[in-house]
Structure formats: structure tokens, C-alpha cells
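J.: Okay, so here is upload-v1.cif, and as you'll see once you scroll down, it has mmCIF, C-alpha atoms.
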data_run
#
loop_
_atom_site.label_atom_id
_atom_site.label_comp_id
_atom_site.auth_asym_id
_atom_site.auth_seq_id
_atom_site.Cartn_x
_atom_site.Cartn_y
_atom_site.Cartn_z
CA MET T 188 72.63 8.09 118.86
CA ASN T 189 71.55 7.47 115.24
CA LYS T 190 68.29 5.79 114.23
CA ALA T 191 69.96 2.47 113.43
CA ALA T 192 71.54 2.33 116.90
CA ALA T 193 68.23 3.22 118.51
CA ARG T 194 66.48 0.42 116.63
CA GLU T 195 69.22 -1.98 117.71
CA ASN T 196 68.76 -1.07 121.37
CA GLU T 197 65.01 -1.68 121.10
CA ARG T 198 65.67 -5.06 119.48
CA VAL T 199 68.19 -6.11 122.12
CA ASP T 200 66.02 -5.15 125.13
CA PRO T 201 62.34 -5.19 124.09
CA ASP T 202 61.21 -5.86 127.68
CA ALA T 203 62.58 -2.48 128.80
CA SER T 204 60.30 -0.76 126.30
CA LYS T 205 57.31 -2.81 127.47
CA ALA T 206 58.06 -2.00 131.11
CA GLU T 207 58.28 1.70 130.29
CA LYS T 208 54.93 1.56 128.49
CA ARG T 209 53.31 -0.17 131.46
CA ALA T 210 54.77 2.41 133.83
CA LEU T 211 53.49 5.27 131.68
CA LYS T 212 50.04 3.68 131.45
CA ASN T 213 49.90 3.18 135.23
CA GLU T 214 50.95 6.77 135.77
CA LEU T 215 48.25 8.00 133.42
CA ILE T 216 45.60 5.85 135.10
CA GLU T 217 46.53 7.20 138.54
CA LYS T 218 46.33 10.78 137.25
CA LEU T 219 42.87 10.04 135.85
CA VAL T 220 41.79 8.47 139.17
CA ALA T 221 42.90 11.61 141.00
CA LYS T 222 41.03 13.73 138.45
CA PHE T 223 37.83 11.70 138.88
CA GLN T 224 38.02 11.81 142.68
CA LYS T 225 38.31 15.59 142.48
CA SER T 226 35.72 16.26 139.77
CA GLY T 227 33.32 13.30 139.88
CA ASP T 228 33.27 13.36 136.07
CA LEU T 229 31.73 10.03 134.97
CA LYS T 230 33.39 10.29 131.55
CA VAL T 231 36.78 10.19 133.27
CA ARG T 232 35.67 7.16 135.31
CA ASP T 233 34.50 5.37 132.18
CA GLU T 234 37.89 6.05 130.56
CA ILE T 235 39.62 4.44 133.54
CA VAL T 236 37.33 1.41 133.28
CA VAL T 237 38.11 0.98 129.58
CA MET T 238 41.86 1.22 130.28
CA ASN T 239 41.55 -1.57 132.87
CA LEU T 240 39.31 -4.00 130.96
CA SER T 241 42.28 -6.24 130.18
CA LEU T 242 42.97 -6.54 133.94
CA ILE T 243 39.34 -7.48 134.60
CA ASN T 244 39.36 -10.02 131.78
CA TYR T 245 42.58 -11.62 133.04
CA ILE T 246 41.30 -11.97 136.61
CA ALA T 247 37.83 -13.20 135.57
CA GLU T 248 39.17 -15.77 133.11
CA ARG T 249 41.72 -17.04 135.62
CA MET T 250 39.05 -17.47 138.30
CA ALA T 251 36.60 -19.06 135.85
CA VAL T 252 38.93 -22.05 135.39
CA SER T 253 38.16 -23.25 138.92
CA LEU T 254 34.40 -22.64 138.80
CA PRO T 255 31.52 -24.80 137.53
CA GLN T 256 30.62 -24.35 133.86
CA SER T 257 27.27 -22.92 134.93
CA VAL T 258 29.09 -19.76 136.05
CA GLU T 259 29.38 -17.49 133.00
CA SER T 260 32.65 -15.66 132.39
CA ASP T 261 30.71 -12.53 131.38
CA ASP T 262 28.99 -12.50 134.78
CA LEU T 263 32.39 -12.58 136.49
CA LYS T 264 33.57 -9.68 134.34
CA SER T 265 30.47 -7.66 135.24
CA LEU T 266 31.16 -8.24 138.92
CA GLY T 267 34.78 -7.28 138.29
CA ILE T 268 33.72 -3.95 136.78
CA LEU T 269 31.81 -3.18 139.98
CA GLY T 270 34.96 -3.90 141.96
CA LEU T 271 36.99 -1.65 139.69
CA ILE T 272 34.51 1.22 140.09
CA ASP T 273 34.73 0.76 143.86
CA ALA T 274 38.53 0.87 143.61
CA ILE T 275 38.43 4.09 141.58
CA GLY T 276 36.37 5.80 144.26
CA ASN T 277 38.36 4.54 147.24
CA PHE T 278 41.96 4.54 146.01
CA LYS T 279 44.36 6.51 148.22
CA ALA T 280 47.59 7.50 146.48
CA GLU T 281 49.21 8.41 149.81
CA LYS T 282 49.24 4.71 150.76
CA GLN T 283 52.00 4.32 148.12
CA VAL T 284 50.37 1.29 146.50
CA ARG T 285 50.00 1.15 142.72
CA PHE T 286 46.41 1.55 141.56
CA THR T 287 46.52 -1.63 139.46
CA SER T 288 47.56 -3.69 142.51
CA TYR T 289 44.81 -2.16 144.63
CA ALA T 290 42.24 -2.54 141.84
CA ALA T 291 43.13 -6.21 141.32
CA LEU T 292 42.27 -6.98 144.96
CA ARG T 293 38.99 -5.06 144.71
CA ILE T 294 38.07 -6.81 141.45
CA LYS T 295 38.73 -10.27 142.93
CA GLY T 296 36.85 -9.37 146.10
CA SER T 297 33.84 -8.12 144.15
CA ILE T 298 33.70 -11.31 142.07
CA ILE T 299 33.92 -13.53 145.15
CA ASP T 300 31.30 -11.51 147.07
CA GLY T 301 29.01 -11.71 144.04
CA LEU T 302 29.40 -15.47 143.82
CA ARG T 303 28.67 -15.82 147.54
CA SER T 304 25.49 -13.79 147.20
CA LEU T 305 24.34 -16.18 144.46
CA ASP T 306 25.09 -19.13 146.76
CA TRP T 307 26.52 -20.96 143.74
CA VAL T 308 28.02 -23.81 145.79
CA PRO T 309 25.44 -26.32 147.08
CA ARG T 310 25.25 -26.71 150.85
CA SER T 311 26.01 -30.40 150.51
CA VAL T 312 29.37 -29.54 148.90
CA ARG T 313 30.15 -26.98 151.61
CA LYS T 314 29.45 -29.63 154.24
CA LYS T 315 31.74 -32.12 152.50
CA ALA T 316 34.49 -29.49 152.45
CA ARG T 317 34.06 -28.75 156.18
CA ASP T 318 34.11 -32.48 156.99
CA LEU T 319 37.28 -32.90 154.93
CA GLU T 320 38.95 -29.99 156.71
CA LYS T 321 38.07 -31.43 160.12
CA ASN T 322 39.19 -34.98 159.25
CA LEU T 323 42.40 -33.81 157.61
CA GLN T 324 43.32 -31.61 160.56
CA GLY T 325 42.45 -34.39 163.04
CA LEU T 326 44.57 -36.95 161.21
CA GLU T 327 47.52 -34.56 160.99
CA ILE T 328 47.35 -33.91 164.75
CA GLU T 329 47.24 -37.67 165.31
CA LEU T 330 50.22 -38.32 163.00
CA GLY T 331 52.19 -35.23 163.95
CA ARG T 332 52.81 -34.45 160.27
CA PRO T 333 50.88 -33.78 157.03
CA ALA T 334 48.73 -36.77 156.08
CA SER T 335 49.16 -38.34 152.66
CA GLU T 336 46.29 -38.84 150.25
CA LYS T 337 46.48 -42.59 150.86
CA GLU T 338 46.22 -42.11 154.63
CA MET T 339 43.27 -39.75 154.23
CA SER T 340 41.44 -42.08 151.85
CA GLN T 341 41.90 -44.94 154.35
CA LYS T 342 40.59 -42.80 157.21
CA LEU T 343 37.48 -41.92 155.20
CA GLY T 344 36.97 -45.50 154.00
CA LEU T 345 37.43 -44.50 150.35
CA THR T 346 39.61 -45.74 147.54
CA LEU T 347 42.34 -43.34 146.43
CA PRO T 348 40.49 -42.45 143.18
CA GLU T 349 37.29 -41.84 145.19
CA TYR T 350 39.15 -39.52 147.56
CA GLN T 351 40.72 -37.62 144.65
CA GLY T 352 37.27 -37.30 143.09
CA LEU T 353 35.99 -35.83 146.35
CA LEU T 354 38.80 -33.26 146.27
CA GLU T 355 37.72 -32.22 142.78
CA GLU T 356 34.09 -31.97 143.89
CA VAL T 357 34.86 -29.49 146.68
CA SER T 358 37.57 -27.64 144.75
CA PRO T 359 35.47 -24.58 143.73
CA ILE T 360 35.16 -23.30 147.31
CA THR T 361 38.87 -23.65 148.04
CA PHE T 362 40.21 -21.39 145.29
CA LEU T 363 41.29 -18.50 147.44
CA SER T 364 42.40 -15.07 146.43
CA LEU T 365 43.75 -12.48 148.82
CA ASN T 366 40.14 -11.47 149.46
CA ASP T 367 38.67 -14.91 150.09
CA THR T 368 37.77 -16.38 153.47
CA VAL T 369 40.21 -18.82 155.03
CA TYR T 370 38.58 -18.96 158.47
CA ASP T 371 34.99 -18.43 159.47
CA ASP T 372 32.53 -19.44 162.15
CA ASP T 373 29.43 -17.95 163.74
CA ASP T 374 31.39 -15.20 165.49
CA GLN T 375 33.98 -13.95 163.03
CA SER T 376 35.61 -14.43 159.66
CA VAL T 377 39.16 -13.85 158.52
CA ARG T 378 40.28 -13.32 154.94
CA LEU T 379 43.75 -13.60 153.50
CA GLY T 380 43.38 -9.92 152.66
CA ASP T 381 42.80 -9.16 156.34
CA VAL T 382 46.02 -10.94 157.23
CA ILE T 383 48.13 -8.52 155.18
CA GLU T 384 45.87 -5.47 155.31
CA ASP T 385 47.27 -2.07 156.28
CA ASN T 386 47.81 -1.99 160.04
CA GLU T 387 46.86 1.70 160.18
CA ASN T 388 43.21 0.69 159.88
CA PHE T 389 43.18 -1.29 163.13
CA GLY T 390 43.71 -0.76 166.83
CA PRO T 391 46.48 -2.53 168.79
CA HIS T 392 44.31 -5.55 169.64
CA SER T 393 43.23 -6.11 166.03
CA MET T 394 46.81 -5.69 164.85
CA LEU T 395 47.99 -8.39 167.27
CA GLU T 396 45.23 -10.75 166.10
CA ARG T 397 46.20 -10.26 162.47
CA GLU T 398 49.89 -10.71 163.19
CA GLU T 399 49.06 -14.02 164.88
CA MET T 400 46.89 -15.05 161.91
CA LYS T 401 49.69 -14.12 159.53
CA ARG T 402 52.15 -16.18 161.58
CA LEU T 403 49.84 -19.21 161.49
CA LEU T 404 49.25 -18.86 157.77
CA VAL T 405 52.95 -18.55 156.92
CA GLY T 406 53.70 -21.50 159.18
CA GLY T 407 50.94 -23.52 157.56
CA ILE T 408 52.26 -22.86 154.06
CA ASN T 409 55.83 -23.73 155.10
CA ASN T 410 54.62 -27.03 156.56
CA LEU T 411 52.74 -28.13 153.46
CA PRO T 412 54.09 -31.15 151.55
CA GLU T 413 56.52 -30.03 148.86
CA ARG T 414 54.16 -30.54 145.89
CA GLU T 415 51.37 -28.61 147.58
CA LYS T 416 53.76 -25.82 148.55
CA LEU T 417 54.90 -25.59 144.93
CA VAL T 418 51.32 -25.38 143.61
CA VAL T 419 50.48 -22.63 146.12
CA ALA T 420 53.60 -20.67 145.13
CA LEU T 421 52.97 -21.00 141.40
CA TYR T 422 49.25 -20.18 141.62
CA TYR T 423 49.18 -17.37 144.19
CA TYR T 424 52.61 -15.81 143.91
CA GLU T 425 53.63 -16.43 140.29
CA GLY T 426 50.10 -16.05 138.86
CA LEU T 427 50.17 -19.23 136.76
CA THR T 428 46.96 -20.95 135.69
CA LEU T 429 46.24 -24.58 136.59
CA LYS T 430 47.09 -25.62 133.05
CA GLU T 431 50.44 -23.80 133.18
CA ILE T 432 51.24 -25.34 136.57
CA GLY T 433 50.45 -28.78 135.12
CA GLU T 434 52.94 -28.16 132.33
CA VAL T 435 55.62 -27.09 134.80
CA MET T 436 55.03 -30.10 137.06
CA GLN T 437 54.31 -32.47 134.15
CA ILE T 438 50.96 -33.59 135.54
CA SER T 439 47.37 -33.12 134.38
CA GLU T 440 45.35 -29.98 135.11
CA SER T 441 42.85 -32.03 137.14
CA ARG T 442 45.69 -33.41 139.26
CA VAL T 443 46.89 -29.86 139.94
CA CYS T 444 43.33 -29.02 141.00
CA GLN T 445 43.32 -31.93 143.47
CA ILE T 446 46.69 -30.93 144.95
CA HIS T 447 45.58 -27.32 145.28
CA THR T 448 42.33 -28.32 146.98
CA GLU T 449 44.10 -30.48 149.53
CA SER T 450 46.57 -27.69 150.32
CA MET T 451 43.75 -25.21 150.90
CA LEU T 452 41.86 -27.67 153.10
CA ARG T 453 44.99 -28.07 155.22
CA LEU T 454 45.39 -24.30 155.58
CA ARG T 455 41.72 -23.67 156.29
CA GLY T 456 41.67 -26.48 158.84
CA LYS T 457 44.82 -25.24 160.53
CA LEU T 458 43.40 -21.74 160.92
CA LYS T 459 39.93 -22.88 161.91
CA TYR T 460 40.96 -25.41 164.54
CA THR T 461 44.04 -23.56 165.85
CA VAL T 462 42.62 -20.07 166.32
#
Rewrite the structure from the file as C-alpha cells, please.

T.:
Amino acid sequence: MNKAAARENERVDPDASKAEKRALKNELIEKLVAKFQKSGDLKVRDEIVVMNLSLINYIAERMAVSLPQSVESDDLKSLGILGLIDAIGNFKAEKQVRFTSYAALRIKGSIIDGLRSLDWVPRSVRKKARDLEKNLQGLEIELGRPASEKEMSQKLGLTLPEYQGLLEEVSPITFLSLNDTVYDDDDQSVRLGDVIEDNENFGPHSMLEREEMKRLLVGGINNLPEREKLVVALYYYEGLTLKEIGEVMQISESRVCQIHTESMLRLRGKLKYTV
């Protein structure tokens, strides 16, 4: 193949070249991780961190959208670096999971754990969120179907705008990642990450519990109203930001936030009061 033909192929299918570059980068990173785990050379670890800074920035900036302005993006990135370092030390290539996928979960988990330790959400807001979960779940049991925003606002004695404002107020604690808590009480807590975690790490009883939790979660998502189901799919599975989802659905970013919050309250309530 001559040079002109080669250039033409690159122009016709630029994505193939990008995919190859990503694959080569991932392969190099995994080789460096293996080298660090064998040697403990901190220079190698630092090189891995530098190569993954764009991943940390993406995750931190995406999470920052749903957090109060008082939470600095740089603080999230610092927490993310700690998660990445943890991932470098604990990655197991034999699990046949790409390092970037594993690292992304660890980065998100580290950021969320860091935020929890700072107790950045006031207790009054947490209480409002719990009360909303309980009322929403109770009304849905009473109706035998998902309650509408209008029905919920009437139950709470609020106007529709007041109810939507309440959803925005509690929204920060409902932005879940695969490592965030969807069910917790005094005895135990369950994270979305636990629901899909490798079964080899648990005994038969724990595996059955997680399979049941997974079944409830999948059922809960499938039973969401269509708009909420779409927001969940676009945010958690397609990786879109709230702004991008708003453009797809032709609604405002704040409205997407409200819809997302209500969907998470439904799921949290279903798990909390069904388990």
C-alpha cells in the first residue's frame, strides 16, 4: 500500500486509529502496573498516575456538577489520585478486567468516601432525603404504581414548584456511582458496586444476598417512569453529563437534576423498605 492510500485509509476511518491508540496506551499502563507491583518503584507508580490524570479529571469534573459550589474540583481530583494509587496496588490482571475500568471505580469510590468523611451534606438535608424516600415508597405502595410529581407534592402539602425545589435541595446525596450507597441502616449497607462485585469474594450466603439485591435493583430501574429510566440510562450507562442529557431531552439541566433525584429516591426507597 502506498503512502497516499495509507493516508486515505486514516482519513476514512479515524476512529480505528484512535481505538488502536487507546488500546496501546491501556496495554502499556497494565505493563507498568505489573512492573510496579513487582518492583515497588515509586517512579513507575508516578508515571502511571500521570498517564491517568485525564481519567481522574473527567471523573472529578463530572461528579462536581452535582455537588455544592463549596466543594472544590481540585479537592475531588486529590481524592481521585488516592483512589488511583489504591487501584495500582490492588489491581489483579487475572480477573480479566481492564485496569482503566477498575481504576475508574476506585477513583469514584475514593472521592465519595472522602466527601462522606467531610460530612459535606448537612444532617437536615439527609433527613429530608430520608423522609422523601419513605413518603415516595409509601405512596407508590398505596397507588400500586410510580407516583407522579403532582401526586407527591399533594401528599406533602406542597406546590409543584416547591416539591421540585425540594428535589434539587436533596440532589447532592442521590448522585450515585457504582461505589455509592443505595441502602443503609444501623446493621448493614449495600452499594451498587457490591451488587455487581465479583462473586469469588463471597461465600454462598453473601452471593445469594447480592443476587437478590441485584434482582431488586434491576426490577426497580425497569419500573421507573420512562423519563426517569432514560435519565438513569444516559447518566450511568452512557456517561453523559446533566447538561448533555438536557440537550438530548430538550429540557433544562436543573430539570434533569430533579428527574434524576426522584429516580434515585425511588430506587433507594425500594431497596431500603423491601429488603

J.: List the residues selected by the PyMOL selection byres ((chain T and resi 432) around 12) in the file shown, writing them as JSON, numbers by chain.

T.: {"T": [414, 415, 417, 418, 419, 420, 421, 422, 423, 425, 426, 427, 428, 429, 430, 431, 433, 434, 435, 436, 437, 438, 439, 440, 441, 442, 443, 444, 446, 447]}

J.: Determine the nearest neighbour of T:Val220 from the options T:Lys279, T:Lys264, T:Arg249, T:Arg310, counting only C-alpha atoms.

T.: T:Lys279

J.: Quick one, how far is atom CA of T:Glu281 from atom CA of T:Leu242?

T.: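 A separation of 22.7 Å between them.
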
J.: Output as CSV one row per residue of stretch 399-453 of chain T within 12 Å of stretch 336-347 of chain T: the closest atom pair and its distance in Å to one decimal place, counting all atoms listed in the file, sorted by chain and residue number ascending.

T.:
residue,atom,partner,partner_atom,distance
T:Pro412,CA,T:Glu336,CA,11.0
T:Glu415,CA,T:Glu336,CA,11.7
T:Gln445,CA,T:Glu336,CA,10.1
T:Ile446,CA,T:Glu336,CA,9.5
T:Thr448,CA,T:Glu336,CA,11.7
T:Glu449,CA,T:Glu336,CA,8.7
T:Ser450,CA,T:Glu336,CA,11.2
T:Arg453,CA,T:Met339,CA,11.8

J.: Between T:Ala210, T:Leu458, T:Leu404, T:Met250, which residue has the minimum interatomic distance to T:Thr287, considering only C-alpha atoms?

T.: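 Closest candidate: T:Ala210.
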
J.: So which one's closest to T:Ile235, T:Lys321, T:Lys208, T:Arg285, T:Lys218? Using all atoms listed in the file, please.

T.: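 Looking only at the distances to T:Ile235, the closest residue turns out to be T:Lys218.
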
J.: Rounded to one decimal, what separation in Å do you get between atom CA of T:Ile294 and atom CA of T:Gly267?

T.: 4.6 Å

J.: Quick one: pull the distance between atom CA of T:Ala247 and atom CA of T:Ser260, Å, one decimal.

T.: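 About the pair atom CA of T:Ala247 and atom CA of T:Ser260: they are 6.6 Å apart.
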